[in-house]
2 protein chains.
Amino acid sequence: MPTRPRTSTASIVAAARHILETQGLDALTMHAVARAVGVRGPSLYKRVRDRSELMRLIANDVFRQLGARLDTMVQGQTPREDVRAIACEYRAFAHANPRAYALLFSPVPEDWRVDLEQTQRVSALLLRSVAQLTGERDALPAARMLVAWVHGFVSMELAGAFRLGGDVEVAFDYALERVTAAIERE
Amino acid sequence: MPTRPRTSTASIVAAARHILETQGLDALTMHAVARAVGVRGPSLYKRVRDRSELMRLIANDVFRQLGARLDTMVQGQTPREDVRAIACEYRAFAHANPRAYALLFSPVPEDWRVDLEQTQRVSALLLRSVAQLTGERDALPAARMLVAWVHGFVSMELAGAFRLGGDVEVAFDYALERVTAAIERE
DNA sequence: ACCTGAACACCGTTCAAGT
DNA sequence: ACCTGAACACCGTTCAAGT
């Protein structure tokens, strides 16, 4: 006899992200997610193949949201201002979602990687702004330099790897200035 | 009655690193480590408080080895050559130990962080070379820019995040050239 | 159709018992 | 002193039975 669904994939992912962010990866059990959406553990398997797929769905969700946020940062400013705004917003997003962000470039599990379509959307956005500084020829390596630096910086920040004191804000501004300048150098 | 130890912390860490690198984090169970060193699971708890501490010991071991490798790269070359050599060796080490490397800046678990002493040793090494390019005043932010970029680059490489084709070697050389140039710029 | 309790295999960890 | 089997709690996952 048909029954009305009591949950959905979207609310499962949302609940999982909330648990991850507030309680950490160890607390992200199938049971905890099920309880958060008002259902028992086994019911999750109607929507999600297994825990790995749930992790991939979370990563996708975070990445999509990050892309949307970066999109809103590209306004009619100078290309250099666009690039700076993208980098700052990228960092702010990672700070606001540290544990979910950490999932994105974690090579530990092979199978929960973000969909190619999502990465291409964000890449295109970045390439467009960078290309205005470098021209088409160097756009790809230049964009890779920029994103590698931003990702590396926030990744180290979030891991607590800047342990020598000094002002981390100063270090961010210092490098953002130099990286953008290096990109637009002839 | 006294008994001779059948294993040691050092061999436990070595076995754990080997399992991690060859079979992945999921395969790194206490049972698997115990079997690799010729003992039963519970015996590990004589040397290691719990799995978290084992993880911290692994991270420490990797970081110490990375520091030693970078140390050998600083020879009597120009400061710029030193910085380039450090970056290239850093990358090569991460490629040779991808899963163990990924542990170093993984913010996921709070308690398996590398000892402060180790990080200061590696930081001092890097600061010394960078300071020769920038002077003391900018050495800290400049070193943070360099290490953030290298870490971000290999982290993305290892995560398979460069998915738009193009030559990744070209992108590395492009950015290494520009980052070192940006550092030594007046 | 969807949900559930019961069950299974596996894992980290403890501990009393062995040498 | 160190090692072990047995045991416990917990987790991911499956499945037959319920509505």
# chains A, B, ... in the order shown; residues from 1 in each chain; ligands from 1
>>> interface_residues(of="chain D", to="chain A", cutoff="8 Å", atoms="only C-alpha atoms (C1' of nucleotides)", output="JSON, numbers by chain")
{"D": [11, 12, 13, 19]}
>>> write_last_selection(atoms="N, CA and C atoms (P, O5', C5', C4', C3', O3' and C1' of nucleotides)", output="PDB file, in the first residue's frame")
ATOM      1  P    DC D  11      27.546   5.415  17.017  1.00  0.00           P
ATOM      2  O5'  DC D  11      27.887   4.993  15.541  1.00  0.00           O
ATOM      3  C5'  DC D  11      29.239   4.728  15.150  1.00  0.00           C
ATOM      4  C4'  DC D  11      29.230   3.826  13.943  1.00  0.00           C
ATOM      5  C3'  DC D  11      28.083   4.130  12.973  1.00  0.00           C
ATOM      6  O3'  DC D  11      28.604   4.644  11.767  1.00  0.00           O
ATOM      7  C1'  DC D  11      28.351   1.781  13.357  1.00  0.00           C
ATOM      8  P    DG D  12      27.641   5.150  10.589  1.00  0.00           P
ATOM      9  O5'  DG D  12      27.665   3.942   9.562  1.00  0.00           O
ATOM     10  C5'  DG D  12      28.878   3.600   8.933  1.00  0.00           C
ATOM     11  C4'  DG D  12      28.665   2.392   8.031  1.00  0.00           C
ATOM     12  C3'  DG D  12      27.581   2.580   6.967  1.00  0.00           C
ATOM     13  O3'  DG D  12      28.052   1.989   5.757  1.00  0.00           O
ATOM     14  C1'  DG D  12      27.015   0.742   8.356  1.00  0.00           C
ATOM     15  P    DT D  13      27.213   2.139   4.399  1.00  0.00           P
ATOM     16  O5'  DT D  13      26.288   0.844   4.477  1.00  0.00           O
ATOM     17  C5'  DT D  13      26.931  -0.430   4.553  1.00  0.00           C
ATOM     18  C4'  DT D  13      25.886  -1.510   4.664  1.00  0.00           C
ATOM     19  C3'  DT D  13      24.667  -1.341   3.747  1.00  0.00           C
ATOM     20  O3'  DT D  13      24.694  -2.399   2.795  1.00  0.00           O
ATOM     21  C1'  DT D  13      24.055  -2.058   5.939  1.00  0.00           C
ATOM     22  P    DT D  19       0.703  -3.443  11.159  1.00  0.00           P
ATOM     23  O5'  DT D  19       0.576  -2.331  10.020  1.00  0.00           O
ATOM     24  C5'  DT D  19       0.605  -0.955  10.379  1.00  0.00           C
ATOM     25  C4'  DT D  19       0.612  -0.123   9.115  1.00  0.00           C
ATOM     26  C3'  DT D  19      -0.681  -0.194   8.311  1.00  0.00           C
ATOM     27  O3'  DT D  19      -1.632   0.755   8.813  1.00  0.00           O
ATOM     28  C1'  DT D  19       1.285  -0.176   6.922  1.00  0.00           C
TER      29       DT D  19
END
>>> interface_residues(of="chain A", to="chain B", cutoff="9 Å", atoms="only C-alpha atoms", output="PyMOL selection string")
chain A and resi 24-26+98-99+102-110+113+116+119-120+123+138+140-142+144-156+158-164+166-168+170-172+174-176+178-179+181-183
>>> select_by_dssp(residues="chain B", states="alpha helix (DSSP H)", output="PyMOL selection string")
chain B and resi 9-23+30-36+51-73+79-96+98-104+116-134+136-158+168-184
>>> atom_distance(atom1="CA of Ala131 in chain B", atom2="CA of Cys88 in chain A")
26.8 Å
>>> atom_distance(atom1="CA of Val13 in chain A", atom2="CA of Ile58 in chain A")
5.9 Å
>>> residues_around(residues="range 32-40 of chain B", least_positions_apart="5", cutoff="7 Å", atoms="only C-alpha atoms (C1' of nucleotides)", output="list of chain:residue names")
B:Thr7, B:Ser11, B:Ile12, B:Ala15, B:Ala16
>>> write_last_selection(atoms="all heavy atoms", output="short mmCIF file (atom, residue, chain, number, x, y, z; two decimals), in the first residue's frame")
data_model
loop_
_atom_site.label_atom_id
_atom_site.label_comp_id
_atom_site.auth_asym_id
_atom_site.auth_seq_id
_atom_site.Cartn_x
_atom_site.Cartn_y
_atom_site.Cartn_z
N THR B 7 57.07 -5.74 19.86
CA THR B 7 56.95 -4.66 18.87
C THR B 7 57.40 -3.35 19.51
O THR B 7 57.88 -3.35 20.64
CB THR B 7 55.51 -4.54 18.35
OG1 THR B 7 55.45 -3.55 17.35
CG2 THR B 7 54.56 -4.18 19.47
N SER B 11 57.83 0.83 15.03
CA SER B 11 57.39 -0.10 13.98
C SER B 11 55.87 -0.03 13.80
O SER B 11 55.36 -0.26 12.71
CB SER B 11 57.85 -1.52 14.29
OG SER B 11 57.37 -1.93 15.55
N ILE B 12 55.15 0.31 14.86
CA ILE B 12 53.71 0.49 14.73
C ILE B 12 53.41 1.66 13.80
O ILE B 12 52.59 1.55 12.87
CB ILE B 12 53.06 0.73 16.11
CG1 ILE B 12 53.07 -0.58 16.91
CG2 ILE B 12 51.64 1.25 15.97
CD1 ILE B 12 52.64 -0.41 18.37
N ALA B 15 54.34 0.73 10.19
CA ALA B 15 53.34 -0.17 9.59
C ALA B 15 52.06 0.59 9.26
O ALA B 15 51.46 0.40 8.20
CB ALA B 15 53.05 -1.31 10.55
N ALA B 16 51.66 1.48 10.16
CA ALA B 16 50.44 2.25 9.94
C ALA B 16 50.58 3.14 8.71
O ALA B 16 49.66 3.23 7.88
CB ALA B 16 50.12 3.09 11.17
#
>>> closest_residue(among="B:Ser8, B:Thr22, B:Ser129, B:Ser52", to="Trp112 in chain B", atoms="only C-alpha atoms")
B:Ser52
>>> decode(residues="range 2-16 of chain D", atoms="N, CA and C atoms (P, O5', C5', C4', C3', O3' and C1' of nucleotides)", output="PDB file, in the first residue's frame")
ATOM      1  P    DC D   2      56.831  -3.552  28.724  1.00  0.00           P
ATOM      2  O5'  DC D   2      55.959  -4.628  27.951  1.00  0.00           O
ATOM      3  C5'  DC D   2      56.636  -5.742  27.373  1.00  0.00           C
ATOM      4  C4'  DC D   2      55.633  -6.836  27.085  1.00  0.00           C
ATOM      5  C3'  DC D   2      54.540  -6.478  26.067  1.00  0.00           C
ATOM      6  O3'  DC D   2      54.853  -7.146  24.855  1.00  0.00           O
ATOM      7  C1'  DC D   2      53.717  -7.783  27.881  1.00  0.00           C
ATOM      8  P    DC D   3      53.874  -6.993  23.593  1.00  0.00           P
ATOM      9  O5'  DC D   3      52.875  -8.193  23.861  1.00  0.00           O
ATOM     10  C5'  DC D   3      53.342  -9.530  23.655  1.00  0.00           C
ATOM     11  C4'  DC D   3      52.199 -10.472  23.939  1.00  0.00           C
ATOM     12  C3'  DC D   3      51.010 -10.294  22.995  1.00  0.00           C
ATOM     13  O3'  DC D   3      50.813 -11.485  22.240  1.00  0.00           O
ATOM     14  C1'  DC D   3      50.317 -10.415  25.278  1.00  0.00           C
ATOM     15  P    DT D   4      49.715 -11.460  21.073  1.00  0.00           P
ATOM     16  O5'  DT D   4      48.438 -12.057  21.825  1.00  0.00           O
ATOM     17  C5'  DT D   4      48.534 -13.330  22.445  1.00  0.00           C
ATOM     18  C4'  DT D   4      47.236 -13.639  23.152  1.00  0.00           C
ATOM     19  C3'  DT D   4      46.004 -13.415  22.275  1.00  0.00           C
ATOM     20  O3'  DT D   4      45.447 -14.670  21.940  1.00  0.00           O
ATOM     21  C1'  DT D   4      45.734 -12.506  24.486  1.00  0.00           C
ATOM     22  P    DG D   5      44.292 -14.787  20.845  1.00  0.00           P
ATOM     23  O5'  DG D   5      43.012 -15.064  21.755  1.00  0.00           O
ATOM     24  C5'  DG D   5      43.054 -16.094  22.741  1.00  0.00           C
ATOM     25  C4'  DG D   5      41.799 -16.073  23.584  1.00  0.00           C
ATOM     26  C3'  DG D   5      40.480 -16.078  22.807  1.00  0.00           C
ATOM     27  O3'  DG D   5      39.519 -16.819  23.571  1.00  0.00           O
ATOM     28  C1'  DG D   5      40.676 -14.028  23.996  1.00  0.00           C
ATOM     29  P    DA D   6      38.040 -16.992  23.036  1.00  0.00           P
ATOM     30  O5'  DA D   6      37.179 -16.017  23.965  1.00  0.00           O
ATOM     31  C5'  DA D   6      37.488 -15.944  25.357  1.00  0.00           C
ATOM     32  C4'  DA D   6      36.648 -14.872  26.020  1.00  0.00           C
ATOM     33  C3'  DA D   6      35.254 -14.671  25.410  1.00  0.00           C
ATOM     34  O3'  DA D   6      34.324 -14.459  26.464  1.00  0.00           O
ATOM     35  C1'  DA D   6      36.437 -12.641  25.348  1.00  0.00           C
ATOM     36  P    DA D   7      32.769 -14.379  26.161  1.00  0.00           P
ATOM     37  O5'  DA D   7      32.438 -12.844  26.438  1.00  0.00           O
ATOM     38  C5'  DA D   7      33.073 -12.184  27.541  1.00  0.00           C
ATOM     39  C4'  DA D   7      32.871 -10.693  27.397  1.00  0.00           C
ATOM     40  C3'  DA D   7      31.528 -10.297  26.761  1.00  0.00           C
ATOM     41  O3'  DA D   7      30.797  -9.491  27.680  1.00  0.00           O
ATOM     42  C1'  DA D   7      33.361  -9.116  25.767  1.00  0.00           C
ATOM     43  P    DC D   8      29.341  -8.898  27.286  1.00  0.00           P
ATOM     44  O5'  DC D   8      29.630  -7.400  26.871  1.00  0.00           O
ATOM     45  C5'  DC D   8      30.451  -6.593  27.727  1.00  0.00           C
ATOM     46  C4'  DC D   8      30.442  -5.167  27.222  1.00  0.00           C
ATOM     47  C3'  DC D   8      29.126  -4.769  26.546  1.00  0.00           C
ATOM     48  O3'  DC D   8      28.707  -3.503  27.011  1.00  0.00           O
ATOM     49  C1'  DC D   8      30.944  -4.476  25.033  1.00  0.00           C
ATOM     50  P    DA D   9      27.287  -2.905  26.573  1.00  0.00           P
ATOM     51  O5'  DA D   9      27.706  -1.669  25.651  1.00  0.00           O
ATOM     52  C5'  DA D   9      28.790  -0.831  26.050  1.00  0.00           C
ATOM     53  C4'  DA D   9      29.146   0.099  24.915  1.00  0.00           C
ATOM     54  C3'  DA D   9      27.941   0.684  24.179  1.00  0.00           C
ATOM     55  O3'  DA D   9      28.207   2.025  23.845  1.00  0.00           O
ATOM     56  C1'  DA D   9      29.284  -0.532  22.661  1.00  0.00           C
ATOM     57  P    DC D  10      27.087   2.938  23.098  1.00  0.00           P
ATOM     58  O5'  DC D  10      27.542   2.950  21.579  1.00  0.00           O
ATOM     59  C5'  DC D  10      28.851   3.418  21.247  1.00  0.00           C
ATOM     60  C4'  DC D  10      29.113   3.125  19.795  1.00  0.00           C
ATOM     61  C3'  DC D  10      27.975   3.547  18.848  1.00  0.00           C
ATOM     62  O3'  DC D  10      28.500   4.444  17.897  1.00  0.00           O
ATOM     63  C1'  DC D  10      28.786   1.392  18.328  1.00  0.00           C
ATOM     64  P    DC D  11      27.546   5.415  17.017  1.00  0.00           P
ATOM     65  O5'  DC D  11      27.887   4.993  15.541  1.00  0.00           O
ATOM     66  C5'  DC D  11      29.239   4.728  15.150  1.00  0.00           C
ATOM     67  C4'  DC D  11      29.230   3.826  13.943  1.00  0.00           C
ATOM     68  C3'  DC D  11      28.083   4.130  12.973  1.00  0.00           C
ATOM     69  O3'  DC D  11      28.604   4.644  11.767  1.00  0.00           O
ATOM     70  C1'  DC D  11      28.351   1.781  13.357  1.00  0.00           C
ATOM     71  P    DG D  12      27.641   5.150  10.589  1.00  0.00           P
ATOM     72  O5'  DG D  12      27.665   3.942   9.562  1.00  0.00           O
ATOM     73  C5'  DG D  12      28.878   3.600   8.933  1.00  0.00           C
ATOM     74  C4'  DG D  12      28.665   2.392   8.031  1.00  0.00           C
ATOM     75  C3'  DG D  12      27.581   2.580   6.967  1.00  0.00           C
ATOM     76  O3'  DG D  12      28.052   1.989   5.757  1.00  0.00           O
ATOM     77  C1'  DG D  12      27.015   0.742   8.356  1.00  0.00           C
ATOM     78  P    DT D  13      27.213   2.139   4.399  1.00  0.00           P
ATOM     79  O5'  DT D  13      26.288   0.844   4.477  1.00  0.00           O
ATOM     80  C5'  DT D  13      26.931  -0.430   4.553  1.00  0.00           C
ATOM     81  C4'  DT D  13      25.886  -1.510   4.664  1.00  0.00           C
ATOM     82  C3'  DT D  13      24.667  -1.341   3.747  1.00  0.00           C
ATOM     83  O3'  DT D  13      24.694  -2.399   2.795  1.00  0.00           O
ATOM     84  C1'  DT D  13      24.055  -2.058   5.939  1.00  0.00           C
ATOM     85  P    DT D  14      23.540  -2.593   1.698  1.00  0.00           P
ATOM     86  O5'  DT D  14      22.699  -3.782   2.358  1.00  0.00           O
ATOM     87  C5'  DT D  14      23.391  -4.883   2.896  1.00  0.00           C
ATOM     88  C4'  DT D  14      22.415  -5.953   3.362  1.00  0.00           C
ATOM     89  C3'  DT D  14      21.188  -6.146   2.462  1.00  0.00           C
ATOM     90  O3'  DT D  14      20.949  -7.538   2.338  1.00  0.00           O
ATOM     91  C1'  DT D  14      20.499  -5.665   4.676  1.00  0.00           C
ATOM     92  P    DC D  15      19.916  -8.077   1.210  1.00  0.00           P
ATOM     93  O5'  DC D  15      18.657  -8.508   2.080  1.00  0.00           O
ATOM     94  C5'  DC D  15      18.857  -9.073   3.384  1.00  0.00           C
ATOM     95  C4'  DC D  15      17.525  -9.275   4.078  1.00  0.00           C
ATOM     96  C3'  DC D  15      16.307  -9.246   3.139  1.00  0.00           C
ATOM     97  O3'  DC D  15      15.328 -10.145   3.624  1.00  0.00           O
ATOM     98  C1'  DC D  15      16.059  -7.604   4.777  1.00  0.00           C
ATOM     99  P    DA D  16      14.528 -11.100   2.574  1.00  0.00           P
ATOM    100  O5'  DA D  16      13.404 -11.708   3.517  1.00  0.00           O
ATOM    101  C5'  DA D  16      13.765 -12.202   4.811  1.00  0.00           C
ATOM    102  C4'  DA D  16      12.782 -11.718   5.851  1.00  0.00           C
ATOM    103  C3'  DA D  16      11.302 -11.908   5.481  1.00  0.00           C
ATOM    104  O3'  DA D  16      10.587 -12.345   6.628  1.00  0.00           O
ATOM    105  C1'  DA D  16      11.728  -9.617   5.924  1.00  0.00           C
TER     106       DA D  16
END
